[in-house]
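What follows is work29.tsv (TSV, C-alpha atoms and all ligand atoms).
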chain	number	residue	atom	x	y	z
A	56	MET	CA	0.00	0.00	0.00
A	57	SER	CA	2.72	2.47	1.02
A	58	CYS	CA	4.55	1.54	-2.19
A	59	ILE	CA	1.45	2.46	-4.29
A	60	LEU	CA	1.05	5.75	-2.39
A	61	GLN	CA	4.76	6.54	-2.95
A	62	THR	CA	4.35	5.89	-6.73
A	63	ILE	CA	1.29	8.20	-6.91
A	64	SER	CA	3.13	10.97	-5.07
A	65	ASP	CA	6.23	10.51	-7.36
A	66	ASP	CA	3.93	10.77	-10.40
A	67	LYS	CA	2.37	13.96	-9.02
A	68	ALA	CA	5.79	15.51	-8.40
A	69	LEU	CA	6.89	14.56	-11.92
A	70	LEU	CA	3.70	16.07	-13.40
A	71	ALA	CA	4.14	19.26	-11.36
A	72	ALA	CA	7.77	19.55	-12.46
A	73	THR	CA	6.79	18.93	-16.11
A	74	ILE	CA	4.06	21.61	-15.96
A	75	CYS	CA	6.44	24.01	-14.23
A	76	PHE	CA	9.20	23.58	-16.85
A	77	GLY	CA	6.57	23.70	-19.61
A	78	VAL	CA	5.27	27.06	-18.33
A	79	ILE	CA	8.80	28.48	-17.99
A	80	GLY	CA	9.64	27.25	-21.51
A	81	ALA	CA	6.42	28.73	-22.95
A	82	LEU	CA	7.04	32.09	-21.21
A	83	PHE	CA	10.65	32.14	-22.44
A	84	THR	CA	9.61	31.34	-26.02
A	85	ALA	CA	6.77	33.89	-25.87
A	86	ALA	CA	9.17	36.62	-24.64
A	87	LYS	CA	11.69	35.87	-27.43
A	88	THR	CA	8.93	35.71	-30.06
A	89	TYR	CA	7.44	38.98	-28.79
A	90	SER	CA	10.80	40.78	-28.97
A	91	PHE	CA	11.42	39.46	-32.50
A	92	VAL	CA	7.93	40.40	-33.74
A	93	ARG	CA	8.19	43.82	-32.06
A	94	MET	CA	11.47	44.40	-33.89
A	95	LEU	CA	9.87	43.45	-37.25
A	96	LEU	CA	6.92	45.76	-36.57
A	97	ASP	CA	9.28	48.65	-35.73
A	98	MET	CA	11.27	47.98	-38.88
A	99	LEU	CA	8.48	47.37	-41.34
A	100	VAL	CA	5.18	48.78	-40.07
A	101	ILE	CA	5.23	51.41	-37.32
A	102	PRO	CA	6.26	54.94	-38.36
A	103	GLY	CA	8.67	56.91	-36.19
A	104	ILE	CA	7.91	60.28	-34.61
A	105	SER	CA	7.51	62.90	-37.36
A	106	LEU	CA	10.32	65.42	-37.63
A	107	SER	CA	7.70	68.18	-37.78
A	108	LYS	CA	7.43	67.69	-34.00
A	109	PHE	CA	10.94	69.16	-33.77
A	110	GLY	CA	10.20	72.14	-36.01
A	111	ALA	CA	10.89	70.93	-39.56
A	112	GLY	CA	9.97	73.73	-41.97
A	113	LYS	CA	9.17	76.15	-39.14
A	114	GLY	CA	12.51	77.91	-38.84
A	115	SER	CA	14.02	75.38	-36.44
A	116	TRP	CA	17.69	74.46	-36.61
A	117	ALA	CA	19.56	71.17	-36.52
A	118	VAL	CA	23.04	71.26	-34.98
A	119	ILE	CA	25.30	68.56	-36.39
A	120	THR	CA	28.81	67.82	-35.11
A	121	GLY	CA	31.30	66.10	-37.40
A	122	ALA	CA	29.13	67.38	-40.24
A	123	THR	CA	31.51	67.51	-43.20
A	124	ASP	CA	31.93	63.85	-44.03
A	125	GLY	CA	30.35	60.42	-43.69
A	126	ILE	CA	27.23	59.98	-41.57
A	127	GLY	CA	27.22	63.60	-40.28
A	128	LYS	CA	27.29	65.03	-43.81
A	129	GLU	CA	24.37	62.79	-44.79
A	130	PHE	CA	22.40	64.02	-41.74
A	131	ALA	CA	23.04	67.55	-43.03
A	132	TYR	CA	21.74	66.68	-46.51
A	133	GLN	CA	18.63	64.90	-45.26
A	134	LEU	CA	17.71	67.36	-42.51
A	135	ALA	CA	18.17	70.28	-44.93
A	136	LYS	CA	15.81	68.50	-47.34
A	137	LYS	CA	13.29	68.32	-44.47
A	138	LYS	CA	13.66	72.12	-44.23
A	139	PHE	CA	15.67	72.44	-41.04
A	140	ASN	CA	18.19	75.26	-41.01
A	141	ILE	CA	21.57	73.72	-40.25
A	142	LEU	CA	24.45	74.67	-37.92
A	143	LEU	CA	27.43	72.65	-39.16
A	144	VAL	CA	30.23	72.03	-36.66
A	145	SER	CA	33.38	70.31	-37.82
A	146	ARG	CA	37.13	70.57	-38.17
A	147	THR	CA	37.87	71.88	-41.67
A	148	GLU	CA	36.76	75.43	-42.54
A	149	SER	CA	36.90	74.93	-46.33
A	150	LYS	CA	34.71	71.79	-46.16
A	151	LEU	CA	32.24	73.61	-43.89
A	152	GLN	CA	31.92	76.55	-46.32
A	153	ALA	CA	31.49	74.29	-49.35
A	154	LEU	CA	28.79	72.17	-47.68
A	155	ALA	CA	26.97	75.20	-46.25
A	156	GLY	CA	26.79	76.79	-49.73
A	157	GLU	CA	25.54	73.54	-51.28
A	158	LEU	CA	22.82	73.09	-48.62
A	159	GLU	CA	21.57	76.68	-48.93
A	160	GLN	CA	21.45	76.54	-52.71
A	161	SER	CA	19.70	73.17	-53.01
A	162	ASN	CA	17.20	73.56	-50.18
A	163	GLY	CA	16.60	77.29	-49.65
A	164	ILE	CA	17.48	77.02	-45.98
A	165	GLN	CA	19.83	79.03	-43.75
A	166	THR	CA	23.13	77.68	-42.48
A	167	LYS	CA	25.76	78.66	-39.94
A	168	THR	CA	29.15	77.04	-39.49
A	169	TYR	CA	31.64	76.72	-36.69
A	170	ALA	CA	35.09	75.23	-37.22
A	171	MET	CA	36.62	73.59	-34.17
A	172	ASP	CA	38.87	70.65	-33.48
A	173	PHE	CA	37.20	68.69	-30.69
A	174	THR	CA	40.49	66.99	-29.75
A	175	GLN	CA	41.66	70.35	-28.33
A	176	GLY	CA	38.87	70.53	-25.74
A	177	ASN	CA	39.19	74.30	-26.04
A	178	GLN	CA	36.86	76.14	-23.64
A	179	SER	CA	36.71	79.21	-25.88
A	180	ASP	CA	35.43	77.03	-28.73
A	181	TYR	CA	32.58	75.73	-26.57
A	182	SER	CA	31.76	79.21	-25.39
A	183	ASN	CA	31.69	80.54	-29.02
A	184	LEU	CA	29.59	77.57	-30.07
A	185	GLY	CA	27.28	78.25	-27.12
A	186	LYS	CA	26.76	81.85	-28.30
A	187	LEU	CA	25.86	80.62	-31.81
A	188	ILE	CA	23.48	78.05	-30.36
A	189	ASP	CA	21.83	80.67	-28.15
A	190	SER	CA	21.14	82.78	-31.26
A	191	ILE	CA	19.01	80.08	-32.94
A	192	GLU	CA	16.09	77.79	-32.06
A	193	VAL	CA	17.58	74.30	-31.92
A	194	GLY	CA	15.10	71.52	-32.66
A	195	ILE	CA	17.64	68.72	-33.16
A	196	LEU	CA	21.17	68.04	-31.96
A	197	VAL	CA	23.06	65.27	-33.75
A	198	ASN	CA	26.02	64.28	-31.57
A	199	ASN	CA	27.86	62.63	-34.43
A	200	VAL	CA	31.50	63.66	-34.15
A	201	GLY	CA	33.73	60.71	-33.38
A	202	THR	CA	37.27	59.47	-33.73
A	203	ASN	CA	38.72	55.99	-33.51
A	204	HIS	CA	41.99	54.09	-33.14
A	205	ASP	CA	43.86	54.40	-36.42
A	206	ILE	CA	44.02	50.61	-36.71
A	207	PRO	CA	43.08	47.91	-34.16
A	208	THR	CA	45.85	48.22	-31.56
A	209	PRO	CA	46.50	46.51	-28.20
A	210	PHE	CA	45.78	49.01	-25.41
A	211	ALA	CA	49.32	48.60	-24.01
A	212	GLU	CA	50.76	49.74	-27.36
A	213	GLU	CA	48.28	52.54	-28.12
A	214	SER	CA	49.66	56.10	-28.10
A	215	ASP	CA	48.66	58.41	-25.25
A	216	GLU	CA	47.61	60.94	-27.90
A	217	THR	CA	45.11	58.59	-29.56
A	218	ILE	CA	43.67	57.58	-26.19
A	219	ALA	CA	43.27	61.22	-25.12
A	220	ASN	CA	41.73	62.19	-28.49
A	221	ILE	CA	39.09	59.47	-28.34
A	222	VAL	CA	38.09	60.47	-24.80
A	223	GLU	CA	38.10	64.20	-25.65
A	224	VAL	CA	36.10	63.93	-28.89
A	225	ASN	CA	33.76	61.00	-28.29
A	226	ILE	CA	32.97	61.60	-24.63
A	227	ASN	CA	33.78	65.16	-23.56
A	228	GLY	CA	32.76	66.67	-26.92
A	229	THR	CA	29.34	65.03	-26.72
A	230	LEU	CA	28.75	65.99	-23.07
A	231	LYS	CA	29.81	69.62	-23.54
A	232	THR	CA	27.84	70.15	-26.77
A	233	THR	CA	24.71	68.63	-25.27
A	234	LYS	CA	24.94	70.98	-22.27
A	235	LEU	CA	24.85	73.93	-24.69
A	236	VAL	CA	21.46	73.03	-26.20
A	237	LEU	CA	19.65	71.85	-23.08
A	238	PRO	CA	18.59	75.21	-21.53
A	239	GLN	CA	16.60	76.28	-24.59
A	240	MET	CA	15.20	72.78	-25.28
A	241	LYS	CA	14.03	72.54	-21.66
A	242	ALA	CA	12.51	76.02	-21.78
A	243	ARG	CA	10.57	75.11	-24.94
A	244	ARG	CA	9.83	71.58	-23.67
A	245	SER	CA	10.82	70.19	-27.05
A	246	GLY	CA	13.88	68.78	-28.78
A	247	LEU	CA	15.59	65.71	-30.17
A	248	ILE	CA	19.09	64.59	-29.23
A	249	LEU	CA	20.63	61.84	-31.36
A	250	ASN	CA	23.82	60.21	-30.07
A	251	LEU	CA	25.77	58.20	-32.62
A	252	GLY	CA	26.66	54.95	-30.92
A	253	SER	CA	28.33	51.79	-32.12
A	254	PHE	CA	28.02	48.03	-31.81
A	255	SER	CA	31.50	48.16	-30.28
A	256	GLY	CA	29.77	49.75	-27.28
A	257	LEU	CA	27.23	46.92	-27.23
A	258	VAL	CA	29.87	44.17	-27.33
A	259	ALA	CA	33.35	44.95	-25.96
A	260	THR	CA	35.82	45.14	-28.81
A	261	PRO	CA	39.42	44.06	-28.13
A	262	TYR	CA	42.07	46.17	-29.92
A	263	LEU	CA	39.58	49.08	-30.11
A	264	SER	CA	39.28	49.13	-26.34
A	265	VAL	CA	39.08	52.89	-25.74
A	266	TYR	CA	36.68	53.54	-28.63
A	267	SER	CA	34.57	50.57	-27.52
A	268	ALA	CA	34.41	51.71	-23.88
A	269	GLY	CA	33.65	55.29	-24.99
A	270	LYS	CA	30.68	54.09	-27.01
A	271	ALA	CA	29.48	51.98	-24.04
A	272	PHE	CA	29.67	55.18	-21.97
A	273	LEU	CA	27.55	56.93	-24.58
A	274	SER	CA	24.92	54.18	-24.40
A	275	THR	CA	24.66	54.26	-20.60
A	276	TRP	CA	24.67	58.06	-20.47
A	277	SER	CA	21.96	58.23	-23.16
A	278	GLN	CA	19.74	55.90	-21.14
A	279	ALA	CA	20.10	58.01	-18.00
A	280	LEU	CA	19.70	61.30	-19.88
A	281	GLY	CA	16.72	59.97	-21.85
A	282	MET	CA	14.91	59.16	-18.63
A	283	GLU	CA	15.81	62.53	-17.02
A	284	LEU	CA	14.72	64.60	-20.01
A	285	ALA	CA	11.53	62.72	-20.93
A	286	ARG	CA	9.65	64.82	-18.37
A	287	ASP	CA	10.93	67.95	-20.15
A	288	GLY	CA	9.47	66.81	-23.47
A	289	ILE	CA	12.93	66.13	-24.94
A	290	VAL	CA	13.57	62.91	-26.89
A	291	VAL	CA	17.02	61.35	-26.44
A	292	GLU	CA	18.04	58.49	-28.68
A	293	HIS	CA	21.21	56.42	-28.72
A	294	ILE	CA	21.68	55.20	-32.29
A	295	ASN	CA	23.29	51.78	-32.33
A	296	THR	CA	25.33	51.53	-35.51
A	297	TYR	CA	27.02	48.50	-37.03
A	298	PHE	CA	29.34	49.20	-39.98
A	299	VAL	CA	28.47	51.96	-42.47
A	300	VAL	CA	30.51	52.87	-45.58
A	301	SER	CA	32.69	55.85	-44.54
A	302	ALA	CA	36.22	57.17	-44.10
A	303	MET	CA	36.20	56.02	-40.47
A	304	SER	CA	35.10	52.45	-41.21
A	305	LYS	CA	37.54	52.36	-44.16
A	306	ILE	CA	34.86	50.35	-45.99
A	307	ARG	CA	34.13	51.51	-49.53
A	308	ARG	CA	31.66	48.97	-50.91
A	309	PRO	CA	28.17	48.55	-49.40
A	310	THR	CA	26.73	45.10	-48.63
A	311	PHE	CA	23.48	43.87	-47.05
A	312	LEU	CA	25.05	44.39	-43.60
A	313	ILE	CA	27.01	47.55	-44.43
A	314	PRO	CA	24.91	50.32	-46.03
A	315	THR	CA	26.06	53.60	-47.48
A	316	THR	CA	25.32	56.67	-45.37
A	317	LYS	CA	22.20	57.57	-47.39
A	318	PRO	CA	19.91	54.63	-46.53
A	319	TYR	CA	21.47	54.48	-43.08
A	320	VAL	CA	20.57	58.05	-42.14
A	321	ALA	CA	17.16	57.69	-43.82
A	322	SER	CA	16.46	54.73	-41.50
A	323	VAL	CA	17.47	56.77	-38.44
A	324	LEU	CA	15.24	59.72	-39.35
A	325	SER	CA	12.22	57.59	-40.22
A	326	LYS	CA	12.33	55.55	-36.99
A	327	ILE	CA	12.69	58.20	-34.27
A	328	GLY	CA	11.29	56.93	-30.97
A	329	LEU	CA	11.30	53.26	-32.02
A	330	SER	CA	13.74	50.67	-30.68
A	331	GLY	CA	14.20	48.61	-33.83
A	332	GLY	CA	16.66	45.89	-32.87
A	333	SER	CA	17.81	47.57	-29.65
A	334	SER	CA	16.74	46.33	-26.25
A	335	THR	CA	18.15	49.20	-24.21
A	336	PRO	CA	15.96	52.09	-23.03
A	337	TYR	CA	16.32	55.15	-25.26
A	338	GLY	CA	18.34	53.01	-27.68
A	339	SER	CA	17.50	52.43	-31.31
A	340	THR	CA	18.96	50.14	-33.96
A	341	PRO	CA	16.98	51.47	-36.90
A	342	TYR	CA	18.68	49.92	-39.94
A	343	PHE	CA	17.10	46.58	-40.88
A	344	SER	CA	20.15	44.31	-41.13
A	345	HIS	CA	21.77	45.99	-38.10
A	346	ALA	CA	18.57	45.36	-36.14
A	347	LEU	CA	18.73	41.66	-36.97
A	348	ILE	CA	22.33	41.42	-35.74
A	349	ASN	CA	21.45	43.38	-32.60
A	350	TRP	CA	18.58	40.98	-31.90
A	351	LEU	CA	20.85	37.96	-32.37
A	352	ILE	CA	23.48	39.43	-30.03
A	353	ASP	CA	20.87	40.12	-27.35
A	354	ASN	CA	19.14	36.77	-27.66
A	355	LEU	CA	21.65	34.11	-28.72
A	356	PHE	CA	24.78	32.77	-27.03
A	357	THR	CA	26.75	34.41	-24.24
A	358	THR	CA	28.42	37.82	-24.04
A	359	THR	CA	31.79	36.01	-23.98
A	360	PHE	CA	30.89	34.34	-27.28
A	361	TRP	CA	30.26	37.73	-28.93
A	362	VAL	CA	33.39	39.33	-27.44
A	363	LYS	CA	35.39	36.42	-28.90
A	364	GLN	CA	33.79	37.09	-32.31
A	365	ASN	CA	34.88	40.74	-32.07
A	366	ASN	CA	38.34	39.60	-31.01
A	367	ALA	CA	38.62	37.39	-34.10
A	368	ILE	CA	37.34	40.16	-36.43
A	369	GLN	CA	39.73	42.81	-35.03
A	370	THR	CA	42.70	40.43	-34.96
A	371	ASP	CA	42.13	39.81	-38.67
A	372	ILE	CA	41.69	43.53	-39.46
A	373	ARG	CA	44.87	44.31	-37.50
A	374	LYS	CA	46.90	41.71	-39.42
A	375	ARG	CA	45.73	43.12	-42.76
A	376	ALA	CA	46.33	46.74	-41.63
A	377	LEU	CA	49.88	45.92	-40.50
A	378	ARG	CA	50.60	44.15	-43.81
A	379	LYS	CA	49.30	47.24	-45.67
A	380	ARG	CA	51.54	49.50	-43.57
A	381	GLU	CA	54.53	47.28	-44.40
A	382	ARG	CA	53.75	47.42	-48.14
A	383	GLU	CA	53.39	51.20	-48.01
A	384	ALA	CA	56.66	51.57	-46.07
A	385	LYS	CA	58.51	49.49	-48.72
A	386	GLN	CA	57.09	51.63	-51.54
A	387	GLN	CA	58.45	54.84	-50.00
A	401	LIG	N1	31.14	54.37	-40.07
A	401	LIG	C1	30.86	53.38	-39.26
A	401	LIG	O1	30.94	52.19	-39.64
A	401	LIG	C2	30.39	53.68	-37.86
A	401	LIG	C3	29.97	52.61	-37.07
A	401	LIG	C4	29.53	52.87	-35.77
A	401	LIG	C5	29.50	54.17	-35.29
A	401	LIG	N2	29.93	55.19	-36.07
A	401	LIG	C6	29.92	56.55	-35.49
A	401	LIG	O2	29.32	57.46	-36.38
A	401	LIG	C7	29.91	58.75	-36.23
A	401	LIG	C8	30.35	59.28	-37.58
A	401	LIG	O3	31.28	58.37	-38.14
A	401	LIG	P1	31.68	58.41	-39.69
A	401	LIG	O4	32.01	57.03	-40.07
A	401	LIG	O5	30.69	59.16	-40.47
A	401	LIG	O6	33.05	59.25	-39.61
A	401	LIG	P2	33.85	60.00	-40.76
A	401	LIG	O7	33.35	59.62	-42.11
A	401	LIG	O8	35.28	59.79	-40.45
A	401	LIG	O9	33.47	61.56	-40.52
A	401	LIG	C9	33.81	62.15	-39.32
A	401	LIG	C10	33.39	63.61	-39.33
A	401	LIG	O10	33.78	64.15	-38.06
A	401	LIG	C11	34.70	65.22	-38.26
A	401	LIG	N3	35.74	65.15	-37.24
A	401	LIG	C12	36.57	64.12	-36.99
A	401	LIG	N4	37.39	64.43	-35.98
A	401	LIG	C13	37.08	65.69	-35.62
A	401	LIG	C14	37.59	66.58	-34.66
A	401	LIG	N5	38.62	66.25	-33.87
A	401	LIG	N6	37.04	67.81	-34.53
A	401	LIG	C15	36.02	68.19	-35.33
A	401	LIG	N7	35.48	67.38	-36.28
A	401	LIG	C16	36.02	66.16	-36.42
A	401	LIG	C17	35.30	65.02	-39.63
A	401	LIG	O11	35.75	66.27	-40.08
A	401	LIG	P3	36.62	66.43	-41.43
A	401	LIG	O12	35.60	66.42	-42.53
A	401	LIG	O13	37.31	67.71	-41.28
A	401	LIG	O14	37.51	65.23	-41.49
A	401	LIG	C18	34.10	64.45	-40.37
A	401	LIG	O15	33.24	65.49	-40.79
A	401	LIG	C19	31.06	58.57	-35.24
A	401	LIG	O16	30.64	58.95	-33.95
A	401	LIG	C20	31.32	57.08	-35.27
A	401	LIG	O17	31.88	56.61	-34.07
A	401	LIG	C21	30.38	54.99	-37.35
Starting from the coordinates I provided, produce the structure as structure tokens.
Ligand SMILES: NC(=O)c1ccc[n+]([C@@H]2O[C@H](COP(=O)([O-])OP(=O)(O)OC[C@H]3O[C@@H](n4cnc5c(N)ncnc54)[C@H](OP(=O)(O)O)[C@@H]3O)[C@@H](O)[C@H]2O)c1
Amino acid sequence: MSCILQTISDDKALLAATICFGVIGALFTAAKTYSFVRMLLDMLVIPGISLSKFGAGKGSWAVITGATDGIGKEFAYQLAKKKFNILLVSRTESKLQALAGELEQSNGIQTKTYAMDFTQGNQSDYSNLGKLIDSIEVGILVNNVGTNHDIPTPFAEESDETIANIVEVNINGTLKTTKLVLPQMKARRSGLILNLGSFSGLVATPYLSVYSAGKAFLSTWSQALGMELARDGIVVEHINTYFVVSAMSKIRRPTFLIPTTKPYVASVLSKIGLSGGSSTPYGSTPYFSHALINWLIDNLFTTTFWVKQNNAIQTDIRKRALRKREREAKQQ
């Protein structure tokens, strides 16, 4: 009798355990499915916040740092087309003047320029830029300026100058420029701040350690800032970027995973306020193939697995870059 009772109670325990694991499995699968479907909806169906909310065509200005090449230049083209006046901030005066003239002529908008080298961290530059910013109504700030290690380099061998430049441009430049626009955005209870992030901030990237950590900083700071400023009516978005064709990426040919700047920036501007493939608050991975990779990183394998992938990629890039340097040295 006691043996029968024991068997019944074992069966009950087994059934309870099976149901329990079944429920956990179903919840887990439902959560993963939901996040995947939500990403597809963001990418393919749901429209982002309209740029008219930030003053497109109503005399508002977009301030773009690092505006004379690559992604920043494309933001200038596309925001000018949406009828924002543009304040271009970058390093090279001649490139600023040429772009400003082109934007005014093609779009009938106003432009202003300010040439500064963010590596210098010059207080007078920020105070001059602040005066310019105070003279216009800023609807959008694109914190785009960025610099990187010249080639993937072990931290121990990286020059102090490169390390200081990355910190000064990518971190301090972004913090100081953002501070300049906040008083007026808060007073108007309106504004959009886009921070150009990188997948190397999502997954630590050996041999680009300072750039990678700087972009992780940007992601964390954007999340905190986004939460703080939401009550002031200001939208903060950290744009998670995989590779894009540009001088910085040193990639010239686009692929499915690596777009040119034009479709990339178009995806950013059409998906404001949507997460896309990003799972961090106030983060967005708006470009379709980048969103898929972001989703895979967040949902498959371990962080160590992905860091090892980055390690393999950068080790390979470093080898090729060193070989190129050797070839160039021989030719001289
Ligand atoms: N391209 C990618 O694959 C990729 C991936 C992830 C994230 N991102 C991020 O996207 C942003 C833009 O990158 P990008 O690829 O478009 O770069 P890019 O093509 O190299 O253009 C950089 C722009 O920033 C300006 N700039 C660079 N250093 C400066 C300094 N010290 N002071 C003032 N201006 C400076 C450059 O001015 P000049 O015209 O005078 O050179 C140029 O206009 C960066 O924040 C980068 O980290 C890019």
**Report entry** Shortest interatomic distance to Val224 of chain A - which of A:Ala367, A:Leu273, A:Leu158, A:Ile79, counting all atoms listed in the file
**Finding:**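 That would be A:Leu273, the residue with the smallest distance to Val224 of chain A.
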Around all of ligand LIG 401 (chain A)'s listed atoms, make the axis-aligned box with 5 Å on each side and tell me centre and edge lengths in Å to one decimal, as lines of an AutoDock Vina configuration file.
center_x = 34.0
center_y = 60.2
center_z = -38.2
size_x = 19.3
size_y = 26.0
size_z = 18.7
Report task. Determine the nearest neighbour of ligand LIG 401 (chain A) from the options A:Gly246, A:Gly121, A:Pro341, A:Pro318, counting all atoms listed in the file. Result ->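 Closest candidate: A:Gly121.
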Report summary line: Shortest contact to ligand LIG 401 (chain A), candidates A:Ile327, A:Leu235, A:Ile289, A:Ile119, atoms counted only C-alpha atoms and all ligand atoms, goes to A:Ile119
Set the cut-off to 8 Å, count only C-alpha atoms and all ligand atoms, and list whatever residues fall near ligand LIG 401 (chain A) as a short mmCIF file (atom, residue, chain, number, x, y, z; two decimals) with C-alpha atoms, keeping the file's coordinate frame.
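selection05.cif written:
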data_model
loop_
_atom_site.label_atom_id
_atom_site.label_comp_id
_atom_site.auth_asym_id
_atom_site.auth_seq_id
_atom_site.Cartn_x
_atom_site.Cartn_y
_atom_site.Cartn_z
CA THR A 120 28.81 67.82 -35.11
CA GLY A 121 31.30 66.10 -37.40
CA ALA A 122 29.13 67.38 -40.24
CA THR A 123 31.51 67.51 -43.20
CA ASP A 124 31.93 63.85 -44.03
CA GLY A 125 30.35 60.42 -43.69
CA ILE A 126 27.23 59.98 -41.57
CA GLY A 127 27.22 63.60 -40.28
CA LYS A 128 27.29 65.03 -43.81
CA VAL A 144 30.23 72.03 -36.66
CA SER A 145 33.38 70.31 -37.82
CA ARG A 146 37.13 70.57 -38.17
CA THR A 147 37.87 71.88 -41.67
CA GLU A 148 36.76 75.43 -42.54
CA LYS A 150 34.71 71.79 -46.16
CA ALA A 170 35.09 75.23 -37.22
CA MET A 171 36.62 73.59 -34.17
CA ASP A 172 38.87 70.65 -33.48
CA PHE A 173 37.20 68.69 -30.69
CA THR A 174 40.49 66.99 -29.75
CA GLN A 175 41.66 70.35 -28.33
CA ASN A 198 26.02 64.28 -31.57
CA ASN A 199 27.86 62.63 -34.43
CA VAL A 200 31.50 63.66 -34.15
CA GLY A 201 33.73 60.71 -33.38
CA THR A 202 37.27 59.47 -33.73
CA ASN A 203 38.72 55.99 -33.51
CA ASN A 220 41.73 62.19 -28.49
CA VAL A 224 36.10 63.93 -28.89
CA ASN A 225 33.76 61.00 -28.29
CA ASN A 250 23.82 60.21 -30.07
CA LEU A 251 25.77 58.20 -32.62
CA GLY A 252 26.66 54.95 -30.92
CA SER A 253 28.33 51.79 -32.12
CA PHE A 254 28.02 48.03 -31.81
CA SER A 255 31.50 48.16 -30.28
CA TYR A 266 36.68 53.54 -28.63
CA LYS A 270 30.68 54.09 -27.01
CA ASN A 295 23.29 51.78 -32.33
CA THR A 296 25.33 51.53 -35.51
CA TYR A 297 27.02 48.50 -37.03
CA PHE A 298 29.34 49.20 -39.98
CA VAL A 299 28.47 51.96 -42.47
CA VAL A 300 30.51 52.87 -45.58
CA SER A 301 32.69 55.85 -44.54
CA ALA A 302 36.22 57.17 -44.10
CA MET A 303 36.20 56.02 -40.47
CA SER A 304 35.10 52.45 -41.21
CA LYS A 305 37.54 52.36 -44.16
CA ILE A 306 34.86 50.35 -45.99
CA ILE A 313 27.01 47.55 -44.43
CA THR A 316 25.32 56.67 -45.37
#
If we count only C-alpha atoms and set the cut-off at 10 Å, which residues sit around Ser277 of chain A, ignoring sequence neighbours fewer than 4 positions away in its own chain? Please answer as a PDB file with C-alpha atoms, in the frame of the given file.
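The result, written out as selection01.pdb:
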ATOM      1  CA  ILE A 248      19.090  64.590 -29.230  1.00  0.00           C
ATOM      2  CA  LEU A 249      20.630  61.840 -31.360  1.00  0.00           C
ATOM      3  CA  ASN A 250      23.820  60.210 -30.070  1.00  0.00           C
ATOM      4  CA  GLY A 252      26.660  54.950 -30.920  1.00  0.00           C
ATOM      5  CA  ALA A 271      29.480  51.980 -24.040  1.00  0.00           C
ATOM      6  CA  PHE A 272      29.670  55.180 -21.970  1.00  0.00           C
ATOM      7  CA  LEU A 273      27.550  56.930 -24.580  1.00  0.00           C
ATOM      8  CA  GLY A 281      16.720  59.970 -21.850  1.00  0.00           C
ATOM      9  CA  MET A 282      14.910  59.160 -18.630  1.00  0.00           C
ATOM     10  CA  GLU A 283      15.810  62.530 -17.020  1.00  0.00           C
ATOM     11  CA  VAL A 291      17.020  61.350 -26.440  1.00  0.00           C
ATOM     12  CA  GLU A 292      18.040  58.490 -28.680  1.00  0.00           C
ATOM     13  CA  HIS A 293      21.210  56.420 -28.720  1.00  0.00           C
ATOM     14  CA  ILE A 294      21.680  55.200 -32.290  1.00  0.00           C
ATOM     15  CA  THR A 335      18.150  49.200 -24.210  1.00  0.00           C
ATOM     16  CA  PRO A 336      15.960  52.090 -23.030  1.00  0.00           C
ATOM     17  CA  TYR A 337      16.320  55.150 -25.260  1.00  0.00           C
ATOM     18  CA  GLY A 338      18.340  53.010 -27.680  1.00  0.00           C
TER      19      GLY A 338
END
Query raised in the report: Any idea what's packed within 8 Å of segment 368-382 of chain A, counting all atoms listed in the file, ignoring anything in its chain fewer than 6 positions away? Could you give it as a list in words?
Result: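 So the residues in contact are Ile206, Pro207, Thr208, Thr260, Pro261, Tyr262 and Leu263 of chain A.
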Please list as a PDB file with C-alpha atoms, keeping the file's coordinate frame every residue within 12 Å of Met240 of chain A, counting all atoms listed in the file and excluding residues in the same chain fewer than 4 positions away.
ATOM      1  CA  PHE A 109      10.940  69.160 -33.770  1.00  0.00           C
ATOM      2  CA  GLY A 110      10.200  72.140 -36.010  1.00  0.00           C
ATOM      3  CA  SER A 115      14.020  75.380 -36.440  1.00  0.00           C
ATOM      4  CA  TRP A 116      17.690  74.460 -36.610  1.00  0.00           C
ATOM      5  CA  ILE A 188      23.480  78.050 -30.360  1.00  0.00           C
ATOM      6  CA  ASP A 189      21.830  80.670 -28.150  1.00  0.00           C
ATOM      7  CA  ILE A 191      19.010  80.080 -32.940  1.00  0.00           C
ATOM      8  CA  GLU A 192      16.090  77.790 -32.060  1.00  0.00           C
ATOM      9  CA  VAL A 193      17.580  74.300 -31.920  1.00  0.00           C
ATOM     10  CA  GLY A 194      15.100  71.520 -32.660  1.00  0.00           C
ATOM     11  CA  ILE A 195      17.640  68.720 -33.160  1.00  0.00           C
ATOM     12  CA  LEU A 196      21.170  68.040 -31.960  1.00  0.00           C
ATOM     13  CA  THR A 233      24.710  68.630 -25.270  1.00  0.00           C
ATOM     14  CA  LYS A 234      24.940  70.980 -22.270  1.00  0.00           C
ATOM     15  CA  LEU A 235      24.850  73.930 -24.690  1.00  0.00           C
ATOM     16  CA  VAL A 236      21.460  73.030 -26.200  1.00  0.00           C
ATOM     17  CA  ARG A 244       9.830  71.580 -23.670  1.00  0.00           C
ATOM     18  CA  SER A 245      10.820  70.190 -27.050  1.00  0.00           C
ATOM     19  CA  GLY A 246      13.880  68.780 -28.780  1.00  0.00           C
ATOM     20  CA  LEU A 247      15.590  65.710 -30.170  1.00  0.00           C
ATOM     21  CA  ILE A 248      19.090  64.590 -29.230  1.00  0.00           C
ATOM     22  CA  LEU A 284      14.720  64.600 -20.010  1.00  0.00           C
ATOM     23  CA  ALA A 285      11.530  62.720 -20.930  1.00  0.00           C
ATOM     24  CA  ARG A 286       9.650  64.820 -18.370  1.00  0.00           C
ATOM     25  CA  ASP A 287      10.930  67.950 -20.150  1.00  0.00           C
ATOM     26  CA  GLY A 288       9.470  66.810 -23.470  1.00  0.00           C
ATOM     27  CA  ILE A 289      12.930  66.130 -24.940  1.00  0.00           C
ATOM     28  CA  VAL A 290      13.570  62.910 -26.890  1.00  0.00           C
ATOM     29  CA  VAL A 291      17.020  61.350 -26.440  1.00  0.00           C
TER      30      VAL A 291
END
